[in-house]
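Enquirer: My structure is in target17.csv, and what it holds is CSV, C-alpha atoms:
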```
chain,number,residue,atom,x,y,z
A,187,MET,CA,73.9,111.5,120.9
A,188,ASN,CA,77.6,111.4,119.9
A,189,SER,CA,79.7,112.6,122.8
A,190,LEU,CA,82.8,113.0,120.6
A,191,LYS,CA,81.4,115.5,118.1
A,192,GLY,CA,83.7,118.5,117.7
A,193,LYS,CA,86.5,116.9,119.7
A,194,SER,CA,90.0,115.8,118.8
A,195,PHE,CA,91.4,112.3,119.1
A,196,LEU,CA,94.8,112.7,120.7
A,197,LYS,CA,95.3,109.7,123.1
A,198,LEU,CA,93.1,107.0,124.5
A,199,LEU,CA,93.6,108.3,128.0
A,200,ASP,CA,91.3,111.2,127.0
A,201,LEU,CA,88.4,108.8,126.3
A,202,THR,CA,86.1,106.7,128.5
A,203,PRO,CA,85.7,103.0,128.0
A,204,ALA,CA,82.2,103.6,126.6
A,205,GLN,CA,83.6,106.1,124.0
A,206,ILE,CA,86.3,103.7,122.9
A,207,GLY,CA,83.7,100.9,122.7
A,208,GLY,CA,81.4,103.1,120.7
A,209,LEU,CA,84.2,103.9,118.2
A,210,ILE,CA,84.9,100.2,117.8
A,211,ASP,CA,81.2,99.4,117.2
A,212,ALA,CA,81.0,102.3,114.7
A,213,ALA,CA,84.0,100.9,112.9
A,214,ALA,CA,82.4,97.5,112.6
A,215,ALA,CA,79.3,99.1,111.2
A,216,PHE,CA,81.3,101.1,108.6
A,217,LYS,CA,83.2,97.9,107.7
A,218,LYS,CA,79.9,96.1,107.1
A,219,MET,CA,78.7,98.9,104.9
A,220,LYS,CA,82.0,98.9,103.0
A,221,LYS,CA,81.8,95.1,102.4
A,222,GLU,CA,78.1,95.4,101.2
A,223,GLY,CA,78.8,98.3,98.9
A,224,ILE,CA,76.5,100.7,100.9
A,225,PRO,CA,77.5,104.3,100.4
A,226,HIS,CA,78.2,106.1,103.7
A,227,LYS,CA,79.1,109.7,103.0
A,228,TYR,CA,78.5,110.9,106.6
A,229,CYS,CA,80.9,113.8,106.2
A,230,GLU,CA,80.1,115.1,102.7
A,231,GLY,CA,81.9,118.3,101.8
A,232,LYS,CA,84.5,118.3,104.6
A,233,ASN,CA,88.1,119.1,103.8
A,234,ILE,CA,90.9,117.6,105.9
A,235,ALA,CA,94.7,118.1,106.1
A,236,LEU,CA,97.0,115.1,106.5
A,237,VAL,CA,100.2,116.3,108.0
A,238,PHE,CA,102.9,113.6,107.8
A,239,GLU,CA,106.3,114.3,109.4
A,240,LYS,CA,106.9,110.6,109.4
A,241,THR,CA,105.9,108.5,106.3
A,242,SER,CA,103.6,105.5,106.5
A,243,THR,CA,101.8,103.1,104.1
A,244,ARG,CA,98.9,102.1,106.3
A,245,THR,CA,98.2,105.4,108.0
A,246,ARG,CA,98.2,107.5,104.9
A,247,CYS,CA,96.1,105.0,102.8
A,248,ALA,CA,93.7,104.4,105.7
A,249,PHE,CA,93.0,108.1,106.2
A,250,GLU,CA,92.7,108.9,102.4
A,251,VAL,CA,90.4,106.0,101.6
A,252,ALA,CA,88.4,106.6,104.8
A,253,ALA,CA,88.0,110.3,103.9
A,254,ALA,CA,86.9,109.5,100.4
A,255,ASP,CA,84.4,106.9,101.6
A,256,LEU,CA,82.9,109.5,104.0
A,257,GLY,CA,82.6,112.1,101.3
A,258,MET,CA,85.6,114.2,102.4
A,259,HIS,CA,88.5,115.7,100.5
A,260,PRO,CA,91.9,115.0,102.0
A,261,VAL,CA,95.1,117.0,101.3
A,262,TYR,CA,98.4,115.3,102.0
A,263,LEU,CA,101.3,117.4,103.4
A,264,ASP,CA,104.6,115.6,103.6
A,265,PRO,CA,107.7,117.1,105.3
A,266,LYS,CA,108.7,119.0,102.2
A,267,SER,CA,105.2,120.4,101.7
A,268,SER,CA,104.9,122.2,105.0
A,269,GLN,CA,107.0,124.8,106.8
A,270,MET,CA,105.7,123.7,110.2
A,271,GLY,CA,108.4,123.9,112.8
A,272,LYS,CA,110.9,125.2,110.3
A,273,LYS,CA,109.9,128.7,109.0
A,274,GLU,CA,106.6,128.7,110.8
A,275,SER,CA,105.8,127.8,114.3
A,276,ILE,CA,103.3,125.0,115.2
A,277,PRO,CA,100.8,127.5,116.7
A,278,ASP,CA,100.9,129.6,113.5
A,279,THR,CA,100.6,126.6,111.2
A,280,ALA,CA,97.7,125.3,113.3
A,281,ARG,CA,95.9,128.7,113.0
A,282,VAL,CA,96.4,128.7,109.2
A,283,LEU,CA,95.2,125.1,108.7
A,284,GLY,CA,92.3,125.6,111.0
A,285,ARG,CA,91.0,128.4,108.8
A,286,MET,CA,91.2,126.3,105.7
A,287,PHE,CA,90.4,122.7,106.8
A,288,ASP,CA,87.6,121.1,108.9
A,289,GLY,CA,90.0,118.6,110.5
A,290,ILE,CA,93.7,117.8,110.7
A,291,GLU,CA,95.6,114.5,111.0
A,292,TYR,CA,99.1,114.6,112.4
A,293,ARG,CA,101.8,111.9,112.2
A,294,GLY,CA,105.2,112.7,113.5
A,295,TYR,CA,107.2,113.3,116.6
A,296,GLY,CA,106.4,114.6,120.1
A,297,GLN,CA,102.9,114.3,121.6
A,298,GLU,CA,103.2,118.0,122.5
A,299,ILE,CA,103.0,118.8,118.7
A,300,VAL,CA,99.6,117.2,118.1
A,301,GLU,CA,98.4,118.7,121.4
A,302,GLU,CA,99.4,122.2,120.2
A,303,LEU,CA,97.8,121.7,116.8
A,304,ALA,CA,94.5,120.9,118.6
A,305,GLU,CA,94.8,123.8,120.9
A,306,TYR,CA,95.5,126.5,118.2
A,307,SER,CA,93.7,125.2,115.2
A,308,LYS,CA,90.2,125.1,116.8
A,309,VAL,CA,89.2,122.2,114.6
A,310,PRO,CA,89.3,118.4,115.4
A,311,VAL,CA,92.8,117.0,115.3
A,312,TRP,CA,93.6,113.2,115.0
A,313,ASN,CA,96.8,111.6,116.2
A,314,GLY,CA,98.1,109.4,113.4
A,315,LEU,CA,101.2,108.6,115.5
A,316,THR,CA,103.5,110.4,117.9
A,317,ASN,CA,106.6,109.2,119.8
A,318,GLU,CA,104.4,108.6,122.8
A,319,PHE,CA,101.1,107.3,121.5
A,320,HIS,CA,99.4,105.6,118.5
A,321,PRO,CA,95.7,105.6,119.3
A,322,THR,CA,94.3,104.9,115.9
A,323,GLN,CA,96.4,101.7,115.7
A,324,ILE,CA,95.0,100.4,119.0
A,325,LEU,CA,91.4,100.9,117.8
A,326,ALA,CA,92.2,98.7,114.8
A,327,ASP,CA,93.9,96.2,117.0
A,328,PHE,CA,90.9,96.0,119.4
A,329,LEU,CA,88.4,95.7,116.5
A,330,THR,CA,90.5,92.8,115.2
A,331,ILE,CA,90.6,91.1,118.6
A,332,LYS,CA,86.9,91.5,119.1
A,333,GLU,CA,86.2,90.0,115.6
A,334,TYR,CA,88.2,86.9,116.6
A,335,PHE,CA,87.3,86.5,120.3
A,336,GLY,CA,83.9,88.2,120.6
A,337,THR,CA,84.8,90.5,123.4
A,338,LEU,CA,87.8,92.5,124.8
A,339,SER,CA,87.1,92.2,128.6
A,340,GLY,CA,89.5,89.7,130.2
A,341,LYS,CA,91.5,88.9,127.1
A,342,LYS,CA,95.2,88.6,127.6
A,343,LEU,CA,97.5,90.5,125.3
A,344,VAL,CA,101.3,90.1,125.7
A,345,TYR,CA,103.5,92.8,124.1
A,346,MET,CA,107.0,91.5,123.4
A,347,GLY,CA,109.9,93.8,123.1
A,348,ASP,CA,110.6,97.5,123.6
A,349,ALA,CA,107.5,98.7,125.5
A,350,ARG,CA,108.7,102.3,126.2
A,351,TYR,CA,107.3,104.0,123.2
A,352,ASN,CA,104.0,104.6,121.3
A,353,MET,CA,102.9,101.0,120.8
A,354,GLY,CA,103.7,99.6,124.3
A,355,ASN,CA,102.3,102.8,125.8
A,356,SER,CA,99.1,102.8,123.8
A,357,LEU,CA,98.4,99.0,124.2
A,358,MET,CA,98.8,99.3,127.9
A,359,VAL,CA,96.5,102.3,128.1
A,360,GLY,CA,93.9,100.6,125.8
A,361,CYS,CA,94.0,97.4,127.8
A,362,ALA,CA,93.6,99.3,131.0
A,363,LYS,CA,90.6,101.2,129.7
A,364,MET,CA,88.9,98.1,128.3
A,365,GLY,CA,89.3,95.8,131.2
A,366,MET,CA,91.9,93.5,129.5
A,367,HIS,CA,95.0,91.6,130.8
A,368,PHE,CA,98.1,93.4,129.5
A,369,VAL,CA,101.6,92.0,129.9
A,370,ALA,CA,104.8,93.9,128.9
A,371,CYS,CA,107.5,91.3,128.3
A,372,ALA,CA,111.0,92.7,128.0
A,373,PRO,CA,114.2,93.3,129.9
A,374,LYS,CA,113.3,95.7,132.7
A,375,LYS,CA,114.9,98.7,131.1
A,376,TYR,CA,112.4,98.4,128.3
A,377,PHE,CA,109.3,98.6,130.5
A,378,PRO,CA,107.0,101.6,130.1
A,379,ASP,CA,107.5,104.8,132.0
A,380,LYS,CA,106.5,104.5,135.7
A,381,THR,CA,104.4,107.7,135.6
A,382,LEU,CA,102.3,106.2,132.8
A,383,VAL,CA,102.1,102.8,134.4
A,384,ASP,CA,100.8,104.4,137.6
A,385,GLU,CA,98.2,106.3,135.7
A,386,CYS,CA,97.1,103.1,133.9
A,387,LEU,CA,97.0,101.2,137.2
A,388,LYS,CA,94.4,103.8,138.5
A,389,VAL,CA,92.3,103.2,135.4
A,390,ALA,CA,92.7,99.4,135.8
A,391,ALA,CA,91.4,99.6,139.4
A,392,GLU,CA,88.1,100.9,137.9
A,393,THR,CA,87.8,98.6,134.9
A,394,GLY,CA,89.1,95.3,136.4
A,395,ALA,CA,92.1,95.2,134.0
A,396,VAL,CA,95.3,93.4,134.9
A,397,LEU,CA,98.7,94.9,134.1
A,398,GLU,CA,101.9,92.9,134.4
A,399,PHE,CA,105.5,93.4,133.6
A,400,ILE,CA,107.5,90.2,133.1
A,401,GLU,CA,111.0,89.5,131.9
A,402,ASP,CA,110.7,85.8,131.1
A,403,PRO,CA,109.0,85.2,127.7
A,404,GLU,CA,107.6,81.7,128.4
A,405,THR,CA,106.1,82.8,131.7
A,406,ALA,CA,104.6,85.8,130.1
A,407,VAL,CA,102.8,84.2,127.2
A,408,LYS,CA,101.1,81.3,129.0
A,409,GLY,CA,97.3,81.5,128.2
A,410,ALA,CA,97.7,84.6,126.0
A,411,HIS,CA,95.0,85.3,123.5
A,412,VAL,CA,97.3,87.6,121.6
A,413,ILE,CA,101.1,87.9,121.3
A,414,TYR,CA,101.9,91.4,119.9
A,415,THR,CA,105.2,92.8,118.8
A,416,ASP,CA,106.7,95.7,116.8
A,417,VAL,CA,110.0,96.6,115.2
A,418,TRP,CA,112.9,96.9,117.6
A,419,VAL,CA,114.1,100.3,116.4
A,420,SER,CA,111.4,103.0,116.0
A,421,MET,CA,111.2,105.6,113.2
A,422,GLY,CA,113.6,108.5,113.8
A,423,GLU,CA,116.0,106.6,116.1
A,424,PRO,CA,119.7,106.4,115.0
A,425,ALA,CA,121.0,103.3,113.2
A,426,GLU,CA,123.6,102.9,116.0
A,427,VAL,CA,121.0,101.4,118.4
A,428,TRP,CA,120.4,98.3,116.2
A,429,LYS,CA,123.2,96.3,117.8
A,430,GLU,CA,122.1,97.0,121.3
A,431,ARG,CA,118.4,96.2,120.5
A,432,ILE,CA,119.4,92.9,118.7
A,433,ASP,CA,121.5,91.9,121.7
A,434,ASP,CA,118.8,92.8,124.2
A,435,LEU,CA,115.7,91.7,122.4
A,436,THR,CA,116.6,88.6,120.4
A,437,PRO,CA,115.4,86.4,123.4
A,438,TYR,CA,112.0,88.2,123.0
A,439,ARG,CA,111.6,87.3,119.3
A,440,VAL,CA,108.2,85.7,118.6
A,441,THR,CA,108.9,82.1,117.5
A,442,LYS,CA,106.7,79.0,116.9
A,443,LYS,CA,108.0,77.6,120.2
A,444,LEU,CA,106.7,80.7,122.0
A,445,LEU,CA,103.4,80.5,120.2
A,446,ASP,CA,103.0,76.9,121.2
A,447,VAL,CA,103.7,77.8,124.8
A,448,ALA,CA,100.9,80.3,124.7
A,449,GLY,CA,98.4,77.7,123.4
A,450,ASN,CA,96.2,77.0,120.3
A,451,GLN,CA,93.9,79.9,121.1
A,452,CYS,CA,96.7,82.5,120.6
A,453,LYS,CA,96.9,84.9,117.7
A,454,PHE,CA,99.9,86.9,116.5
A,455,MET,CA,99.6,90.6,115.8
A,456,HIS,CA,102.0,93.3,114.5
A,457,CYS,CA,101.3,96.9,113.5
A,458,LEU,CA,103.6,96.5,110.5
A,459,PRO,CA,106.0,96.9,108.8
A,460,ALA,CA,107.6,93.7,110.1
A,461,PHE,CA,111.1,92.4,109.7
A,462,HIS,CA,110.4,88.7,109.3
A,463,ASP,CA,112.5,87.9,106.2
A,464,LEU,CA,115.1,89.3,103.9
A,465,LYS,CA,112.8,90.8,101.3
A,466,THR,CA,113.4,94.4,102.4
A,467,GLU,CA,116.4,96.7,102.1
A,468,THR,CA,116.6,97.1,105.9
A,469,GLY,CA,116.3,93.3,106.4
A,470,LYS,CA,119.2,92.7,104.0
A,471,GLU,CA,121.3,95.4,105.7
A,472,ILE,CA,120.7,93.9,109.1
A,473,PHE,CA,121.6,90.4,107.8
A,474,ASP,CA,124.8,91.7,106.2
A,475,LYS,CA,125.8,93.4,109.5
A,476,PHE,CA,124.6,90.9,112.1
A,477,GLY,CA,123.9,87.7,110.3
A,478,ILE,CA,120.2,87.3,111.3
A,479,ASP,CA,117.4,86.6,108.8
A,480,CYS,CA,114.6,88.0,110.9
A,481,MET,CA,114.2,90.3,113.9
A,482,GLU,CA,111.1,90.6,116.1
A,483,VAL,CA,109.2,87.7,114.6
A,484,THR,CA,110.1,84.6,112.5
A,485,ASP,CA,108.8,84.2,109.1
A,486,GLU,CA,107.2,80.9,110.2
A,487,VAL,CA,105.0,82.8,112.7
A,488,PHE,CA,104.3,85.7,110.5
A,489,GLU,CA,103.0,83.5,107.7
A,490,SER,CA,101.2,81.0,110.0
A,491,GLU,CA,97.4,80.6,110.5
A,492,ALA,CA,97.8,82.3,113.9
A,493,SER,CA,98.9,85.5,112.2
A,494,ILE,CA,96.1,88.0,111.8
A,495,VAL,CA,98.2,91.0,110.8
A,496,PHE,CA,96.5,91.8,107.6
A,497,ASP,CA,93.0,91.7,109.1
A,498,GLU,CA,94.5,94.2,111.6
A,499,ALA,CA,96.0,96.3,108.8
A,500,GLU,CA,92.7,96.5,107.0
A,501,ASN,CA,90.9,97.5,110.1
A,502,ARG,CA,93.0,100.7,110.3
A,503,MET,CA,90.8,102.1,107.6
A,504,HIS,CA,87.5,101.2,109.3
A,505,THR,CA,88.5,102.5,112.7
A,506,ILE,CA,90.0,105.7,111.3
A,507,LYS,CA,86.7,106.2,109.5
A,508,ALA,CA,84.9,105.9,112.9
A,509,VAL,CA,87.3,108.4,114.5
A,510,MET,CA,86.8,111.1,111.8
A,511,ALA,CA,83.1,110.6,111.6
A,512,ALA,CA,82.8,110.9,115.4
A,513,SER,CA,84.4,114.4,115.2
A,514,PHE,CA,81.8,115.6,112.7
A,515,CYS,CA,78.5,113.7,113.1
A,516,ASP,CA,75.7,114.0,115.6
A,517,SER,CA,75.4,110.2,115.7
A,518,LEU,CA,77.4,107.1,114.5
A,519,PRO,CA,76.2,103.8,113.0
A,520,GLU,CA,75.9,100.9,115.4
```
Once more with this new file: its structure as structure tokens, please.
Expert:
Amino acid sequence: MNSLKGKSFLKLLDLTPAQIGGLIDAAAAFKKMKKEGIPHKYCEGKNIALVFEKTSTRTRCAFEVAAADLGMHPVYLDPKSSQMGKKESIPDTARVLGRMFDGIEYRGYGQEIVEELAEYSKVPVWNGLTNEFHPTQILADFLTIKEYFGTLSGKKLVYMGDARYNMGNSLMVGCAKMGMHFVACAPKKYFPDKTLVDECLKVAAETGAVLEFIEDPETAVKGAHVIYTDVWVSMGEPAEVWKERIDDLTPYRVTKKLLDVAGNQCKFMHCLPAFHDLKTETGKEIFDKFGIDCMEVTDEVFESEASIVFDEAENRMHTIKAVMAASFCDSLPE
């Protein structure tokens, strides 16, 4: 029996390790069906709303393709297509959408928004990203790690850079839940919030996970199975913070030297987009202002055999498929 039927997917703290593991297993099964061309319309006839206050390539495409594969009809609402929070309150919007749709995805700002949507809509709501958490990304990351290493328990993941927001928070929570070894490597002021750390330490005491917070990069990455990083300035932050982040975080850039210190077993992961070259408008602007040709990761690492970022990106679709199916189905594929 599927214990997640009828429920929302708002943050990994809400789920047990068994539920997280079940979603990863279901995603692997859906991926196998997709590769073998086996139809899997588990949610035939459902209609879902995709509410995007922040744009995304991977999240939008993953939800839309996953919905189509499952037999659902997705409706995309960008910031200009919804009055939510402007002319209409979040509770009012939620109650309207809940009357028209079977499920709602939200990608945007504060965690309280997605929580309110779930409370008032009375249909399953899925968190596609908030300022605080990005749970669908972590499922994709963990499916990818499991594909390469066979298991999650005991695997060491080092997050390099600003660990105060959704990716650092969610990786820490996920590693705590799944009995992994999580390291946040950054200047101390970029470590996760103490309240969340304390909550994760309680989880880790039950699962056997190890949580560490280390300022020295070479010390942090020794023996790592995964070095993970993200952009230094998150969506919605002002451009003025770039100089401060570049000054503070350049020592935490993922380089070939750092990968070598970790060892031959180490893989590189990034939730994308990544600023590893000058082939983007933002990359060119940063080069013109600060004279650097990459930011959080060098092009050498990003394009290396250790980089598994595109396996990770593909797995967004398969894991999101598992999340949505879990909200509607009595049982999931194994």
Enquirer: With distances taken over all atoms listed in the file, which of A:Phe319, A:Phe238, A:Trp312, A:Tyr292 is nearest to Ser513 of chain A?
Expert: A:Trp312
Enquirer: If we count all atoms listed in the file and set the cut-off at 12 Å, which residues sit around Gln451 of chain A, ignoring sequence neighbours fewer than 4 positions away in its own chain? Please answer as a PyMOL selection string.
Expert: chain A and resi 331+334-335+341-343+407-413+445-447+491-493
Enquirer: Give me the residues of segment 284-391 of chain A that have any atom at most 6 Å from an atom of segment 196-208 of chain A; for each, the nearest atom pair and the distance in Å, rounded to one decimal. Use only C-alpha atoms, sort by chain and number, and format it as CSV.
Expert:
```
residue,atom,partner,partner_atom,distance
A:Trp312,CA,A:Leu196,CA,5.8
A:Asn313,CA,A:Leu196,CA,5.0
A:Pro321,CA,A:Lys197,CA,5.6
A:Lys363,CA,A:Pro203,CA,5.5
A:Met364,CA,A:Pro203,CA,5.9
```
Enquirer: Please list as an MDAnalysis selection string every residue within 9 Å of Ala235 of chain A, counting all atoms listed in the file and excluding residues in the same chain fewer than 6 positions away.
Expert: chainID A and resid 259:263 283 286:292
Enquirer: Now that the selection is made, can you save its residues with C-alpha atoms as a JSON list (two decimals), in the frame of the given file?
Expert:
```
[["chain", "number", "residue", "atom", "x", "y", "z"],
["A", 259, "HIS", "CA", 88.50, 115.70, 100.50],
["A", 260, "PRO", "CA", 91.90, 115.00, 102.00],
["A", 261, "VAL", "CA", 95.10, 117.00, 101.30],
["A", 262, "TYR", "CA", 98.40, 115.30, 102.00],
["A", 263, "LEU", "CA", 101.30, 117.40, 103.40],
["A", 283, "LEU", "CA", 95.20, 125.10, 108.70],
["A", 286, "MET", "CA", 91.20, 126.30, 105.70],
["A", 287, "PHE", "CA", 90.40, 122.70, 106.80],
["A", 288, "ASP", "CA", 87.60, 121.10, 108.90],
["A", 289, "GLY", "CA", 90.00, 118.60, 110.50],
["A", 290, "ILE", "CA", 93.70, 117.80, 110.70],
["A", 291, "GLU", "CA", 95.60, 114.50, 111.00],
["A", 292, "TYR", "CA", 99.10, 114.60, 112.40]]
```
Enquirer: I'd like to know which of A:Lys308, A:Leu325, A:Thr241, A:Asp479 is closest to Ala508 of chain A, using only C-alpha atoms.
Expert: A:Leu325
Enquirer: Name the residues in contact with Gly257 of chain A at a cut-off of 9 Å, using only C-alpha atoms, excluding same-chain residues fewer than 3 positions from it; report them as a list in words.
Expert: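 Here the answer would be His226, Lys227, Tyr228, Cys229, Glu230, Gly231, Lys232, Ala252, Ala253 and Ala254 of chain A.
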Enquirer: Which residues of segment 450-500 of chain A come within 12 Å of segment 419-431 of chain A, and what is each one's closest atom pair and distance in Å (one decimal), counting all atoms listed in the file, sorted by chain and residue number, as JSON lines?
Expert:
```
{"residue": "A:Leu458", "atom": "CA", "partner": "A:Ser420", "partner_atom": "CA", "distance": 11.5}
{"residue": "A:Pro459", "atom": "CA", "partner": "A:Ser420", "partner_atom": "CA", "distance": 10.9}
{"residue": "A:Ala460", "atom": "CA", "partner": "A:Val419", "partner_atom": "CA", "distance": 11.2}
{"residue": "A:Phe461", "atom": "CA", "partner": "A:Val419", "partner_atom": "CA", "distance": 10.8}
{"residue": "A:Thr468", "atom": "CA", "partner": "A:Ala425", "partner_atom": "CA", "distance": 10.5}
{"residue": "A:Gly469", "atom": "CA", "partner": "A:Trp428", "partner_atom": "CA", "distance": 11.7}
{"residue": "A:Glu471", "atom": "CA", "partner": "A:Ala425", "partner_atom": "CA", "distance": 10.9}
{"residue": "A:Ile472", "atom": "CA", "partner": "A:Trp428", "partner_atom": "CA", "distance": 8.4}
{"residue": "A:Phe473", "atom": "CA", "partner": "A:Trp428", "partner_atom": "CA", "distance": 11.6}
{"residue": "A:Lys475", "atom": "CA", "partner": "A:Lys429", "partner_atom": "CA", "distance": 9.2}
{"residue": "A:Phe476", "atom": "CA", "partner": "A:Lys429", "partner_atom": "CA", "distance": 8.0}
{"residue": "A:Gly477", "atom": "CA", "partner": "A:Lys429", "partner_atom": "CA", "distance": 11.4}
{"residue": "A:Ile478", "atom": "CA", "partner": "A:Lys429", "partner_atom": "CA", "distance": 11.5}
{"residue": "A:Met481", "atom": "CA", "partner": "A:Arg431", "partner_atom": "CA", "distance": 9.8}
{"residue": "A:Glu482", "atom": "CA", "partner": "A:Val419", "partner_atom": "CA", "distance": 10.2}
```
Enquirer: Rank A:Lys220, A:Lys193, A:Lys266, A:Lys380 by their smallest atom-to-atom distance to Glu500 of chain A, using all atoms listed in the file, and report the top residue only.
Expert: A:Lys220
Enquirer: Write out as an mmCIF file with C-alpha atoms, keeping the file's coordinate frame which residues come within 9 Å of Arg244 of chain A when counting all atoms listed in the file, dropping same-chain ones fewer than 4 positions away.
Expert:
```cif
data_model
loop_
_atom_site.group_PDB
_atom_site.id
_atom_site.type_symbol
_atom_site.label_atom_id
_atom_site.label_comp_id
_atom_site.auth_asym_id
_atom_site.auth_seq_id
_atom_site.Cartn_x
_atom_site.Cartn_y
_atom_site.Cartn_z
ATOM 1 C CA ALA A 248 93.700 104.400 105.700
ATOM 2 C CA PHE A 249 93.000 108.100 106.200
ATOM 3 C CA LEU A 458 103.600 96.500 110.500
ATOM 4 C CA ALA A 499 96.000 96.300 108.800
ATOM 5 C CA GLU A 500 92.700 96.500 107.000
ATOM 6 C CA ARG A 502 93.000 100.700 110.300
ATOM 7 C CA MET A 503 90.800 102.100 107.600
#
```
Enquirer: Which residues are close to Leu329 of chain A, i.e. within 12 Å by all atoms listed in the file, leaving aside same-chain residues fewer than 6 positions away? Reply as a ChimeraX atom specification.
Expert: /A:206-217,322-323,335-338,360,494,497-506,508
Enquirer: Please compute the atom CA of Thr415 of chain A-atom CA of Val483 of chain A distance, one decimal, in Å.
Expert: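 One can read the atom CA of Thr415 of chain A to atom CA of Val483 of chain A distance as 7.7 Å.
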Enquirer: Taking all atoms listed in the file into account, which of A:Ser307, A:Thr441, A:Thr405, A:Asn188 comes nearest Glu489 of chain A?
Expert: A:Thr441
Enquirer: Take the point (94.2, 123.2, 116.5) in the file's coordinates, draw a sphere of radius 9 Å around it, and report as a ChimeraX atom specification every protein, DNA or RNA residue with an atom inside or on it, counting only C-alpha atoms.
Expert: /A:194,277,279-281,283-284,289-290,300-311
Enquirer: What does the distance from atom CA of Pro378 of chain A to atom CA of Cys457 of chain A come to in Å, to one decimal?
Expert: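 Taking atom CA of Pro378 of chain A as the start and atom CA of Cys457 of chain A as the end point, the length is 18.2 Å.
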